[in-house]
Amino acid sequence: MEMFSVKNKVAIITGTSTGLGQGFAKAFVKAGAKVLGVSQDQSPDTQKELGKDFVGFAANLINQDKVEQIVQTAVQKFGRVDILINNAGIIRREDAVNFNEKDWDDVMNINSKTVFFLSQAVARQFIAQKPQGGKIINIASMLSYQGGIRVPSYTASKSAVKGLTMAMANEWAKFNINVNAIAPGYFETANTAPIRADKQRSDAILERIPAARWGQPDDLLGTAIYLASSASDYVNGFTVAVDGGWLAR
């Protein structure tokens with residue numbers, strides 16, 4: 001099982017204060033990795049739970065001004081970078097006919113622009129560490145495949161994530177860099193709280209999911225570990241759906 005190991009690897013994970021990102025951080029530290037967690041508030045709860053193998057870094061990822069500093073901090077703290085998980089993301093809901101420019105720009109900035117430029121910075125670090133390469137895992141969405149309702153900027157951003165995953169994989173595979181994505185289905189997170197609170201909408205969603213339940217953060221961890229480990233060395237440019245069968249319907 002050594003091929004699935006991430007022991008002693010160094011991961012940068014964004015959005016580690018709560019939800020899926022916090023789950024990724026916990027899973028990787030428990031698997032023996034060291035994690036630089038990026039969030040607006042340095043992820044104090046995550047830091048308290050995980051101790052010295054987790055370092056929090058405060059950054060507002062609507063902007064890209066701390067991208068280089070994020071990578072430099074990981075190298076300074078842990079000596080190198082092996083894994084990047086672009087998890088941080090936001091969603092804004094409004095009818096497309098009323099959607100405003102700020103909500104468009106904020107979502108696109110965090111969900112796709114920062115994903116690209118942080119990946120670029122990490123890829124440069126991977127190349128400098130040659131020949132070891134590295135792993136980049138982007139968090140896409142079911143809306144990388146579907147249109148959605150009342151979330152035009154989110155759909156655009158997550159479609160961009162799927163496309164960028166393929167584009168970066170094409171260019172960086174020659175450097176032993178694997179770029180893949182995970183497309184979560186309907187998970188119990190802060191982003192889905194408004195939908196879960198709407199009983200009619202929630203029931204309609206559950207009726208369509210073959211697994212008949214909302215996803216939990218732990219449901220993503222095995223896929224993330226796999227894509228971050230040497231077990232996936234010949235997997236590149238692919239978006240893996242972890243959705244309880246939603247796309248199969």
# chains A, B, ... in the order shown; residues from 1 in each chain; ligands from 1
>>> residues_around(residues="segment 35-38 of chain A", least_positions_apart="3", cutoff="6 Å", atoms="only C-alpha atoms", output="PyMOL selection string")
chain A and resi 10-16+54-58
>>> residues_around(residues="segment 19-34 of chain A", least_positions_apart="4", cutoff="8 Å", atoms="only C-alpha atoms", output="list in words")
Ser5, Val6, Lys7, Asn8, Lys9, Val10, Ala11, Ile13, Thr14, Gly15, Thr46, Leu50, Asp53, Phe54, Phe78, Asn87, Ala88, Thr189, Ala190, Pro217, Asp218, Leu221, Ala224 and Ile225 of chain A
>>> select_by_dssp(residues="segment 47-112 of chain A", states="strand (DSSP E)", output="list in words")
Phe54, Val55, Gly56, Phe57, Ala58, Ile83, Leu84, Ile85 and Asn86 of chain A
>>> residues_around(residues="Gln120 of chain A", least_positions_apart="6", cutoff="10 Å", atoms="only C-alpha atoms", output="ChimeraX atom specification")
/A:67-68,114,126,168,172
>>> atom_distance(atom1="atom CA of Gln72 of chain A", atom2="atom CA of Ile127 of chain A")
14.3 Å
>>> closest_residue(among="A:Ile90, A:Met166, A:Met142, A:Ala204", to="Phe238 of chain A", atoms="only C-alpha atoms")
A:Met166
>>> residues_around(residues="Pro210 of chain A", least_positions_apart="5", cutoff="9 Å", atoms="only C-alpha atoms", output="list of chain:residue names")
A:Gly244, A:Gly245, A:Trp246, A:Ala248, A:Arg249
>>> closest_residue(among="A:Asp82, A:Glu49, A:Glu101, A:Asp243", to="Ile205 of chain A", atoms="only C-alpha atoms")
A:Asp243
>>> atom_distance(atom1="atom CA of Glu207 of chain A", atom2="atom CA of Tyr186 of chain A")
12.1 Å
>>> residues_around(residues="segment 227-233 of chain A", least_positions_apart="2", cutoff="10 Å", atoms="only C-alpha atoms", output="MDAnalysis selection string")
chainID A and resid 1:7 9 11 28 82:85 134:137 173 176:182 221:225 235:236 240
>>> write_last_selection(atoms="N, CA and C atoms", output="mmCIF file, in the first residue's frame")
data_model
loop_
_atom_site.group_PDB
_atom_site.id
_atom_site.type_symbol
_atom_site.label_atom_id
_atom_site.label_comp_id
_atom_site.auth_asym_id
_atom_site.auth_seq_id
_atom_site.Cartn_x
_atom_site.Cartn_y
_atom_site.Cartn_z
ATOM 1 N N MET A 1 0.817 -1.218 0.000
ATOM 2 C CA MET A 1 0.000 0.000 0.000
ATOM 3 C C MET A 1 0.852 1.270 0.000
ATOM 4 N N GLU A 2 2.163 1.110 -0.108
ATOM 5 C CA GLU A 2 3.051 2.271 -0.048
ATOM 6 C C GLU A 2 2.740 3.284 -1.151
ATOM 7 N N MET A 3 2.227 2.801 -2.296
ATOM 8 C CA MET A 3 1.943 3.723 -3.393
ATOM 9 C C MET A 3 0.857 4.742 -3.045
ATOM 10 N N PHE A 4 0.037 4.461 -2.055
ATOM 11 C CA PHE A 4 -1.015 5.386 -1.633
ATOM 12 C C PHE A 4 -0.571 6.317 -0.500
ATOM 13 N N SER A 5 0.687 6.246 -0.127
ATOM 14 C CA SER A 5 1.179 7.013 1.011
ATOM 15 C C SER A 5 1.437 8.474 0.639
ATOM 16 N N VAL A 6 1.090 9.370 1.576
ATOM 17 C CA VAL A 6 1.489 10.779 1.458
ATOM 18 C C VAL A 6 2.338 11.169 2.671
ATOM 19 N N LYS A 7 2.897 10.186 3.325
ATOM 20 C CA LYS A 7 3.709 10.436 4.517
ATOM 21 C C LYS A 7 4.910 11.297 4.168
ATOM 22 N N LYS A 9 4.975 14.139 2.945
ATOM 23 C CA LYS A 9 4.726 15.084 1.855
ATOM 24 C C LYS A 9 4.286 16.427 2.432
ATOM 25 N N ALA A 11 1.835 19.655 1.741
ATOM 26 C CA ALA A 11 0.658 20.069 0.966
ATOM 27 C C ALA A 11 0.268 21.502 1.305
ATOM 28 N N PHE A 28 -4.894 14.733 5.615
ATOM 29 C CA PHE A 28 -3.499 14.685 5.170
ATOM 30 C C PHE A 28 -2.538 14.675 6.353
ATOM 31 N N ASP A 82 4.881 19.507 -2.249
ATOM 32 C CA ASP A 82 4.603 18.292 -3.032
ATOM 33 C C ASP A 82 3.191 18.258 -3.593
ATOM 34 N N ILE A 83 2.261 18.942 -2.926
ATOM 35 C CA ILE A 83 0.833 18.814 -3.243
ATOM 36 C C ILE A 83 0.178 20.185 -3.100
ATOM 37 N N LEU A 84 -0.714 20.498 -4.021
ATOM 38 C CA LEU A 84 -1.584 21.671 -3.888
ATOM 39 C C LEU A 84 -3.027 21.211 -4.049
ATOM 40 N N ILE A 85 -3.880 21.592 -3.097
ATOM 41 C CA ILE A 85 -5.317 21.361 -3.244
ATOM 42 C C ILE A 85 -6.004 22.715 -3.277
ATOM 43 N N GLY A 134 5.132 16.934 -8.854
ATOM 44 C CA GLY A 134 4.174 17.179 -7.788
ATOM 45 C C GLY A 134 2.752 16.943 -8.251
ATOM 46 N N LYS A 135 1.804 17.153 -7.350
ATOM 47 C CA LYS A 135 0.392 16.886 -7.605
ATOM 48 C C LYS A 135 -0.438 18.135 -7.326
ATOM 49 N N ILE A 136 -1.282 18.495 -8.284
ATOM 50 C CA ILE A 136 -2.239 19.584 -8.106
ATOM 51 C C ILE A 136 -3.643 18.996 -8.213
ATOM 52 N N ILE A 137 -4.463 19.278 -7.209
ATOM 53 C CA ILE A 137 -5.843 18.793 -7.185
ATOM 54 C C ILE A 137 -6.764 19.995 -7.075
ATOM 55 N N ALA A 173 2.658 17.920 -17.657
ATOM 56 C CA ALA A 173 2.926 16.491 -17.482
ATOM 57 C C ALA A 173 4.400 16.173 -17.735
ATOM 58 N N ASN A 176 6.608 15.983 -14.734
ATOM 59 C CA ASN A 176 6.150 15.059 -13.684
ATOM 60 C C ASN A 176 5.153 15.731 -12.740
ATOM 61 N N ILE A 177 4.365 16.631 -13.296
ATOM 62 C CA ILE A 177 3.307 17.290 -12.531
ATOM 63 C C ILE A 177 1.965 16.724 -12.990
ATOM 64 N N ASN A 178 1.208 16.197 -12.048
ATOM 65 C CA ASN A 178 -0.136 15.703 -12.343
ATOM 66 C C ASN A 178 -1.158 16.739 -11.893
ATOM 67 N N VAL A 179 -2.061 17.097 -12.784
ATOM 68 C CA VAL A 179 -3.128 18.048 -12.461
ATOM 69 C C VAL A 179 -4.459 17.354 -12.699
ATOM 70 N N ASN A 180 -5.213 17.161 -11.641
ATOM 71 C CA ASN A 180 -6.527 16.536 -11.729
ATOM 72 C C ASN A 180 -7.520 17.330 -10.888
ATOM 73 N N ALA A 181 -8.769 16.976 -10.964
ATOM 74 C CA ALA A 181 -9.798 17.680 -10.196
ATOM 75 C C ALA A 181 -10.775 16.681 -9.606
ATOM 76 N N ILE A 182 -11.419 17.113 -8.546
ATOM 77 C CA ILE A 182 -12.520 16.363 -7.936
ATOM 78 C C ILE A 182 -13.778 17.207 -8.082
ATOM 79 N N LEU A 221 -12.209 12.143 0.976
ATOM 80 C CA LEU A 221 -10.824 12.042 1.418
ATOM 81 C C LEU A 221 -10.038 10.958 0.690
ATOM 82 N N GLY A 222 -10.656 9.812 0.452
ATOM 83 C CA GLY A 222 -9.952 8.745 -0.254
ATOM 84 C C GLY A 222 -9.538 9.158 -1.654
ATOM 85 N N THR A 223 -10.427 9.848 -2.351
ATOM 86 C CA THR A 223 -10.103 10.317 -3.705
ATOM 87 C C THR A 223 -8.967 11.321 -3.672
ATOM 88 N N ALA A 224 -8.988 12.225 -2.686
ATOM 89 C CA ALA A 224 -7.926 13.221 -2.577
ATOM 90 C C ALA A 224 -6.577 12.571 -2.282
ATOM 91 N N ILE A 225 -6.555 11.619 -1.347
ATOM 92 C CA ILE A 225 -5.306 10.926 -1.025
ATOM 93 C C ILE A 225 -4.781 10.192 -2.253
ATOM 94 N N VAL A 235 -2.435 9.336 -14.017
ATOM 95 C CA VAL A 235 -3.754 9.969 -14.128
ATOM 96 C C VAL A 235 -3.512 11.468 -14.263
ATOM 97 N N ASN A 236 -3.965 12.058 -15.353
ATOM 98 C CA ASN A 236 -3.643 13.462 -15.589
ATOM 99 C C ASN A 236 -4.748 14.137 -16.404
ATOM 100 N N VAL A 240 -12.702 13.849 -11.474
ATOM 101 C CA VAL A 240 -13.359 12.691 -10.873
ATOM 102 C C VAL A 240 -14.604 13.159 -10.116
#
